[in-house]
>>> print(open('input_9.pdb').read())   # PDB, C-alpha atoms
ATOM      1  CA  GLY A   1       3.930  -4.725   2.645
ATOM      2  CA  ARG A   2       3.025  -2.140   5.204
ATOM      3  CA  PRO A   3       3.784  -2.573   8.884
ATOM      4  CA  ASP A   4       0.169  -3.714   9.303
ATOM      5  CA  ALA A   5       0.916  -6.801   7.129
ATOM      6  CA  GLY A   6      -1.888  -5.819   4.732
ATOM      7  CA  GLY A   7      -0.361  -7.730   1.821
ATOM      8  CA  ALA A   8       0.095 -10.914   3.831
ATOM      9  CA  LYS A   9      -3.446 -10.682   5.244
ATOM     10  CA  SER A  10      -4.902 -10.177   1.761
ATOM     11  CA  ALA A  11      -2.880 -13.096   0.383
ATOM     12  CA  ARG A  12      -4.200 -15.337   3.159
ATOM     13  CA  THR A  13      -7.788 -14.301   2.366
ATOM     14  CA  TYR A  14      -7.282 -15.007  -1.348
ATOM     15  CA  ALA A  15      -5.599 -18.354  -0.682
ATOM     16  CA  ASN A  16      -8.424 -19.389   1.664
ATOM     17  CA  ALA A  17     -10.890 -18.588  -1.137
ATOM     18  CA  GLY A  18      -8.929 -20.732  -3.597
ATOM     19  CA  ILE A  19      -7.467 -17.772  -5.483
ATOM     20  CA  PRO A  20      -3.752 -18.116  -6.304
ATOM     21  CA  ALA A  21      -1.745 -15.458  -4.457
ATOM     22  CA  THR A  22       1.900 -14.409  -4.226
ATOM     23  CA  VAL A  23       3.281 -11.890  -1.755
ATOM     24  CA  VAL A  24       5.915  -9.628  -3.309
ATOM     25  CA  LEU A  25       8.103  -7.060  -1.577
ATOM     26  CA  ASP A  26       7.100  -3.517  -2.540
ATOM     27  CA  SER A  27      10.632  -2.908  -3.752
ATOM     28  CA  ALA A  28      10.393  -5.930  -6.103
ATOM     29  CA  MET A  29       7.580  -4.413  -8.217
ATOM     30  CA  GLY A  30       9.865  -3.874 -11.205
ATOM     31  CA  TYR A  31      11.023  -7.459 -11.094
ATOM     32  CA  ILE A  32       7.534  -8.951 -10.936
ATOM     33  CA  MET A  33       5.838  -6.418 -13.260
ATOM     34  CA  GLU A  34       7.527  -8.037 -16.257
ATOM     35  CA  SER A  35       5.465 -11.183 -15.723
ATOM     36  CA  VAL A  36       1.965  -9.804 -15.046
ATOM     37  CA  ASP A  37      -0.860  -9.029 -17.465
ATOM     38  CA  LEU A  38      -2.622  -6.375 -15.375
ATOM     39  CA  ALA A  39      -2.666  -4.754 -11.945
ATOM     40  CA  ILE A  40      -5.786  -4.132  -9.844
ATOM     41  CA  VAL A  41      -5.871  -1.926  -6.761
ATOM     42  CA  GLY A  42      -8.572  -0.598  -4.494
ATOM     43  CA  ALA A  43      -8.948   3.006  -3.407
ATOM     44  CA  GLU A  44      -9.483   4.859  -0.169
ATOM     45  CA  GLY A  45     -10.763   7.735  -2.309
ATOM     46  CA  VAL A  46     -11.309   8.643  -5.963
ATOM     47  CA  VAL A  47     -10.651  12.333  -6.533
ATOM     48  CA  GLU A  48     -12.172  14.802  -8.963
ATOM     49  CA  ASN A  49      -9.350  14.625 -11.503
ATOM     50  CA  GLY A  50      -9.691  10.822 -11.821
ATOM     51  CA  GLY A  51      -6.723   9.978  -9.637
ATOM     52  CA  VAL A  52      -6.928   7.852  -6.504
ATOM     53  CA  VAL A  53      -5.794   8.017  -2.907
ATOM     54  CA  ASN A  54      -4.858   4.587  -1.605
ATOM     55  CA  LYS A  55      -2.404   2.803   0.653
ATOM     56  CA  VAL A  56       1.130   4.023   0.126
ATOM     57  CA  GLY A  57       2.849   2.197  -2.711
ATOM     58  CA  THR A  58      -0.063   2.506  -5.133
ATOM     59  CA  PHE A  59       1.579   5.499  -6.825
ATOM     60  CA  ALA A  60       4.845   3.576  -7.302
ATOM     61  CA  LEU A  61       2.858   0.616  -8.636
ATOM     62  CA  GLY A  62       1.078   2.907 -11.108
ATOM     63  CA  VAL A  63       4.313   4.443 -12.361
ATOM     64  CA  MET A  64       5.882   1.004 -12.730
ATOM     65  CA  ALA A  65       2.824  -0.431 -14.524
ATOM     66  CA  LYS A  66       2.734   2.486 -16.974
ATOM     67  CA  GLU A  67       6.445   2.153 -17.711
ATOM     68  CA  MET A  68       6.111  -1.587 -18.305
ATOM     69  CA  GLY A  69       2.943  -1.287 -20.439
ATOM     70  CA  VAL A  70       0.752  -3.052 -17.871
ATOM     71  CA  PRO A  71      -2.804  -1.697 -17.446
ATOM     72  CA  LEU A  72      -3.690  -0.477 -13.941
ATOM     73  CA  TYR A  73      -7.314  -0.894 -12.920
ATOM     74  CA  VAL A  74      -8.939   0.571  -9.811
ATOM     75  CA  ALA A  75     -11.909  -1.057  -8.078
ATOM     76  CA  ALA A  76     -13.844   1.470  -5.991
ATOM     77  CA  GLU A  77     -17.390   2.185  -4.899
ATOM     78  CA  SER A  78     -18.905   5.547  -5.836
ATOM     79  CA  TYR A  79     -19.269   6.558  -2.171
ATOM     80  CA  LYS A  80     -15.475   6.895  -2.221
ATOM     81  CA  PHE A  81     -15.647   9.637  -4.874
ATOM     82  CA  THR A  82     -14.587  12.925  -3.308
ATOM     83  CA  ARG A  83     -14.402  16.526  -4.382
ATOM     84  CA  LEU A  84     -10.689  16.854  -3.746
ATOM     85  CA  TYR A  85      -8.370  17.953  -6.544
ATOM     86  CA  PRO A  86      -4.804  17.075  -5.545
ATOM     87  CA  LEU A  87      -2.066  17.602  -8.110
ATOM     88  CA  ASN A  88       0.542  15.665  -6.158
ATOM     89  CA  ASN A  89       1.120  13.957  -2.809
ATOM     90  CA  ALA A  90       1.877  17.246  -1.059
ATOM     91  CA  ASP A  91      -1.729  18.314  -1.751
ATOM     92  CA  LEU A  92      -3.206  15.476   0.316
ATOM     93  CA  PRO A  93      -4.708  16.446   3.679
ATOM     94  CA  GLU A  94      -2.661  15.614   6.790
ATOM     95  CA  MET A  95      -3.418  12.027   7.755
ATOM     96  CA  GLY A  96      -2.036  11.895  11.271
ATOM     97  CA  GLY A  97       0.030   9.201  12.911
ATOM     98  CA  VAL A  98       0.466   5.751  11.478
ATOM     99  CA  MET A  99      -1.202   2.828  13.266
ATOM    100  CA  GLY A 100      -2.846   5.039  15.858
ATOM    101  CA  GLY A 101       0.402   6.805  16.710
ATOM    102  CA  ALA A 102       2.309   3.598  17.494
ATOM    103  CA  SER A 103       6.020   3.682  16.812
ATOM    104  CA  LEU A 104       7.240   2.040  13.650
ATOM    105  CA  LYS A 105       9.485  -1.009  13.934
ATOM    106  CA  PHE A 106      11.767  -2.246  11.161
ATOM    107  CA  VAL A 107      12.234  -5.985  10.807
ATOM    108  CA  ASP A 108      15.383  -7.679   9.551
ATOM    109  CA  THR A 109      13.685  -9.881   6.940
ATOM    110  CA  LEU A 110      16.870 -11.813   6.209
ATOM    111  CA  ALA A 111      16.711 -13.295   9.711
ATOM    112  CA  TRP A 112      12.937 -13.793   9.804
ATOM    113  CA  SER A 113      10.481 -15.872   7.833
ATOM    114  CA  ALA A 114       6.749 -15.212   7.660
ATOM    115  CA  ASN A 115       6.227 -18.969   7.365
ATOM    116  CA  SER A 116       8.382 -19.899  10.375
ATOM    117  CA  THR A 117       7.003 -22.127  13.066
ATOM    118  CA  SER A 118       7.747 -21.364  16.687
ATOM    119  CA  ASN A 119      10.439 -24.090  16.649
ATOM    120  CA  ALA A 120      12.204 -22.445  13.716
ATOM    121  CA  ILE A 121      12.067 -19.118  15.526
ATOM    122  CA  GLU A 122      13.601 -20.666  18.633
ATOM    123  CA  GLU A 123      16.403 -22.128  16.501
ATOM    124  CA  ASN A 124      17.064 -18.691  15.010
ATOM    125  CA  LYS A 125      17.431 -16.874  18.335
ATOM    126  CA  SER A 126      21.053 -16.249  17.513
ATOM    127  CA  ALA A 127      19.914 -14.137  14.554
ATOM    128  CA  ARG A 128      18.006 -11.740  16.815
ATOM    129  CA  ILE A 129      19.169  -8.202  16.980
ATOM    130  CA  ALA A 130      19.334  -7.226  20.629
ATOM    131  CA  THR A 131      18.222  -3.686  21.277
ATOM    132  CA  THR A 132      17.860  -1.698  24.419
ATOM    133  CA  ASP A 133      16.014   1.442  25.369
ATOM    134  CA  ALA A 134      16.447   3.952  28.160
ATOM    135  CA  ASN A 135      13.956   2.159  30.423
ATOM    136  CA  SER A 136      15.055  -1.406  29.950
ATOM    137  CA  SER A 137      18.046  -3.521  29.123
ATOM    138  CA  SER A 138      15.855  -6.310  27.780
ATOM    139  CA  SER A 139      15.698  -7.327  24.148
ATOM    140  CA  LEU A 140      12.754  -6.129  22.034
ATOM    141  CA  HIS A 141      10.709  -8.343  19.711
ATOM    142  CA  PRO A 142      12.908 -10.724  17.704
ATOM    143  CA  TYR A 143      14.521  -9.275  14.587
ATOM    144  CA  VAL A 144      13.522  -5.663  15.213
ATOM    145  CA  VAL A 145      16.168  -3.215  14.050
ATOM    146  CA  ASP A 146      16.510  -0.340  16.494
ATOM    147  CA  LEU A 147      17.272   3.035  14.906
ATOM    148  CA  PRO A 148      19.063   5.859  16.698
ATOM    149  CA  PRO A 149      16.959   8.923  17.624
ATOM    150  CA  SER A 150      18.815  11.013  15.014
ATOM    151  CA  VAL A 151      17.162   9.015  12.189
ATOM    152  CA  SER A 152      13.828  10.443  11.136
ATOM    153  CA  ILE A 153      11.105   8.177   9.771
ATOM    154  CA  GLU A 154       8.709   9.177   7.011
ATOM    155  CA  ASN A 155       5.838   6.702   6.851
ATOM    156  CA  PRO A 156       2.731   8.078   5.117
ATOM    157  CA  PRO A 157      -0.324   5.818   5.235
ATOM    158  CA  CYS A 158      -1.596   6.812   1.774
ATOM    159  CA  ASP A 159      -0.379   8.279  -1.482
ATOM    160  CA  PHE A 160      -1.970   9.925  -4.523
ATOM    161  CA  THR A 161      -1.854   8.189  -7.909
ATOM    162  CA  PRO A 162      -2.531  10.629 -10.769
ATOM    163  CA  ALA A 163      -5.112   9.725 -13.422
ATOM    164  CA  LYS A 164      -2.467   9.362 -16.145
ATOM    165  CA  TYR A 165      -1.351   6.065 -14.544
ATOM    166  CA  ILE A 166      -4.870   4.591 -14.341
ATOM    167  CA  THR A 167      -6.394   2.679 -17.261
ATOM    168  CA  LEU A 168      -9.976   2.242 -16.002
ATOM    169  CA  LEU A 169     -11.996   2.388 -12.794
ATOM    170  CA  PHE A 170     -14.462  -0.420 -12.009
ATOM    171  CA  THR A 171     -17.280   1.067  -9.924
ATOM    172  CA  ASP A 172     -20.893   0.438  -8.981
ATOM    173  CA  LEU A 173     -21.728   3.131 -11.572
ATOM    174  CA  GLY A 174     -20.062   1.096 -14.306
ATOM    175  CA  VAL A 175     -16.620   1.069 -15.886
ATOM    176  CA  LEU A 176     -15.227   4.607 -16.041
ATOM    177  CA  THR A 177     -12.224   6.264 -17.584
ATOM    178  CA  PRO A 178     -10.400   8.557 -15.148
ATOM    179  CA  SER A 179     -11.644  11.595 -17.091
ATOM    180  CA  ALA A 180     -15.287  10.509 -16.529
ATOM    181  CA  VAL A 181     -14.955  10.766 -12.715
ATOM    182  CA  SER A 182     -15.592  14.533 -12.644
ATOM    183  CA  ASP A 183     -18.827  14.062 -14.644
ATOM    184  CA  GLU A 184     -19.991  11.419 -12.177
ATOM    185  CA  LEU A 185     -19.161  13.699  -9.242
ATOM    186  CA  ILE A 186     -21.295  16.449 -10.796
ATOM    187  CA  ARG A 187     -24.200  13.984 -11.068
ATOM    188  CA  LEU A 188     -23.679  12.694  -7.515
ATOM    189  CA  TYR A 189     -23.528  16.148  -5.910
ATOM    190  CA  GLN A 190     -26.320  17.945  -7.865
TER     191      GLN A 190
END
>>> encode(input="input_9.pdb", output="structure tokens")
Amino acid sequence: GRPDAGGAKSARTYANAGIPATVVLDSAMGYIMESVDLAIVGAEGVVENGGVVNKVGTFALGVMAKEMGVPLYVAAESYKFTRLYPLNNADLPEMGGVMGGASLKFVDTLAWSANSTSNAIEENKSARIATTDANSSSSLHPYVVDLPPSVSIENPPCDFTPAKYITLLFTDLGVLTPSAVSDELIRLYQ
């Protein structure tokens, strides 16, 4: 999941509603895709060519689903339809800093558990990675991996998933094929 823990927060919401949920590392999509019947994602925007802009990782999910023969469905309201026509991720508008410009921290997930209690965290203090900065010699948050300034970080908030990876879109206008999005945009903006 993203540094905002979006996957974990969604899983908690589903679990609280009685819906079975499993959190999977983004990089484990290929492993888990073999055992699913379909994939459903939301969208930050549905563009004129039938593709979608959504949280980063949606494009990789779409490619993986297509390769594995798993249908990818998008759930989006028609107010998210936009008259953009990106052909790839480089065509997306600049989206600014991630998390309001906050710096990105990388967590050593081998030394950390999302289900840990505070006692378990205290017992694992020896697994912490001590880091220092120019202003302080104190340790940062437990398990944060400090990168040297020479390492650049690319962390886009969204990516573009082309229409060829999308099976159907479920919208308030009905169920649409990606190719039907441009017709709906014409109707919406007449």
>>> resolve_selection(input="input_9.pdb", expression="the PyMOL selection byres ((chain A and resi 160) around 12)", output="VMD selection string")
chain A and resid 43 to 47 49 to 63 84 to 93 156 to 159 161 to 166
>>> write_last_selection(input="input_9.pdb", atoms="C-alpha atoms", output="tab-separated table (two decimals), keeping the file's coordinate frame")
chain	number	residue	atom	x	y	z
A	43	ALA	CA	-8.95	3.01	-3.41
A	44	GLU	CA	-9.48	4.86	-0.17
A	45	GLY	CA	-10.76	7.74	-2.31
A	46	VAL	CA	-11.31	8.64	-5.96
A	47	VAL	CA	-10.65	12.33	-6.53
A	49	ASN	CA	-9.35	14.62	-11.50
A	50	GLY	CA	-9.69	10.82	-11.82
A	51	GLY	CA	-6.72	9.98	-9.64
A	52	VAL	CA	-6.93	7.85	-6.50
A	53	VAL	CA	-5.79	8.02	-2.91
A	54	ASN	CA	-4.86	4.59	-1.60
A	55	LYS	CA	-2.40	2.80	0.65
A	56	VAL	CA	1.13	4.02	0.13
A	57	GLY	CA	2.85	2.20	-2.71
A	58	THR	CA	-0.06	2.51	-5.13
A	59	PHE	CA	1.58	5.50	-6.82
A	60	ALA	CA	4.84	3.58	-7.30
A	61	LEU	CA	2.86	0.62	-8.64
A	62	GLY	CA	1.08	2.91	-11.11
A	63	VAL	CA	4.31	4.44	-12.36
A	84	LEU	CA	-10.69	16.85	-3.75
A	85	TYR	CA	-8.37	17.95	-6.54
A	86	PRO	CA	-4.80	17.08	-5.54
A	87	LEU	CA	-2.07	17.60	-8.11
A	88	ASN	CA	0.54	15.66	-6.16
A	89	ASN	CA	1.12	13.96	-2.81
A	90	ALA	CA	1.88	17.25	-1.06
A	91	ASP	CA	-1.73	18.31	-1.75
A	92	LEU	CA	-3.21	15.48	0.32
A	93	PRO	CA	-4.71	16.45	3.68
A	156	PRO	CA	2.73	8.08	5.12
A	157	PRO	CA	-0.32	5.82	5.24
A	158	CYS	CA	-1.60	6.81	1.77
A	159	ASP	CA	-0.38	8.28	-1.48
A	161	THR	CA	-1.85	8.19	-7.91
A	162	PRO	CA	-2.53	10.63	-10.77
A	163	ALA	CA	-5.11	9.72	-13.42
A	164	LYS	CA	-2.47	9.36	-16.14
A	165	TYR	CA	-1.35	6.06	-14.54
A	166	ILE	CA	-4.87	4.59	-14.34
>>> axis_aligned_box(input="input_9.pdb", around="range 150-162 of chain A", padding_each_side="5 Å", output="lines of an AutoDock Vina configuration file")
center_x = 8.1
center_y = 8.4
center_z = 2.1
size_x = 31.3
size_y = 15.2
size_z = 35.8
>>> atom_distance(input="input_9.pdb", atom1="CA of Gly6 in chain A", atom2="CA of Gly18 in chain A")
18.5 Å
>>> resolve_selection(input="input_9.pdb", expression="the PyMOL selection byres ((chain A and resi 20-28) around 9)", output="PyMOL selection string")
chain A and resi 1-2+7-8+10-12+14-15+17-19+29-33+57+60-61
>>> atom_distance(input="input_9.pdb", atom1="CA of Val70 in chain A", atom2="CA of Leu176 in chain A")
17.8 Å
>>> resolve_selection(input="input_9.pdb", expression="the PyMOL selection byres ((chain A and resi 170) around 7)", output="count of residues only")
9
>>> closest_residue(input="input_9.pdb", among="A:Val36, A:Ile153, A:Glu184, A:Gln190", to="Met64 in chain A", atoms="only C-alpha atoms")
A:Val36
>>> atom_distance(input="input_9.pdb", atom1="CA of Val144 in chain A", atom2="CA of Val41 in chain A")
29.5 Å
>>> residues_around(input="input_9.pdb", residues="Pro71 in chain A", least_positions_apart="4", cutoff="7 Å", atoms="all atoms listed in the file", output="PyMOL selection string")
chain A and resi 38-39+65-66+167
>>> closest_residue(input="input_9.pdb", among="A:Pro149, A:Leu72, A:Asn16, A:Ser182", to="Gly42 in chain A", atoms="all atoms listed in the file")
A:Leu72
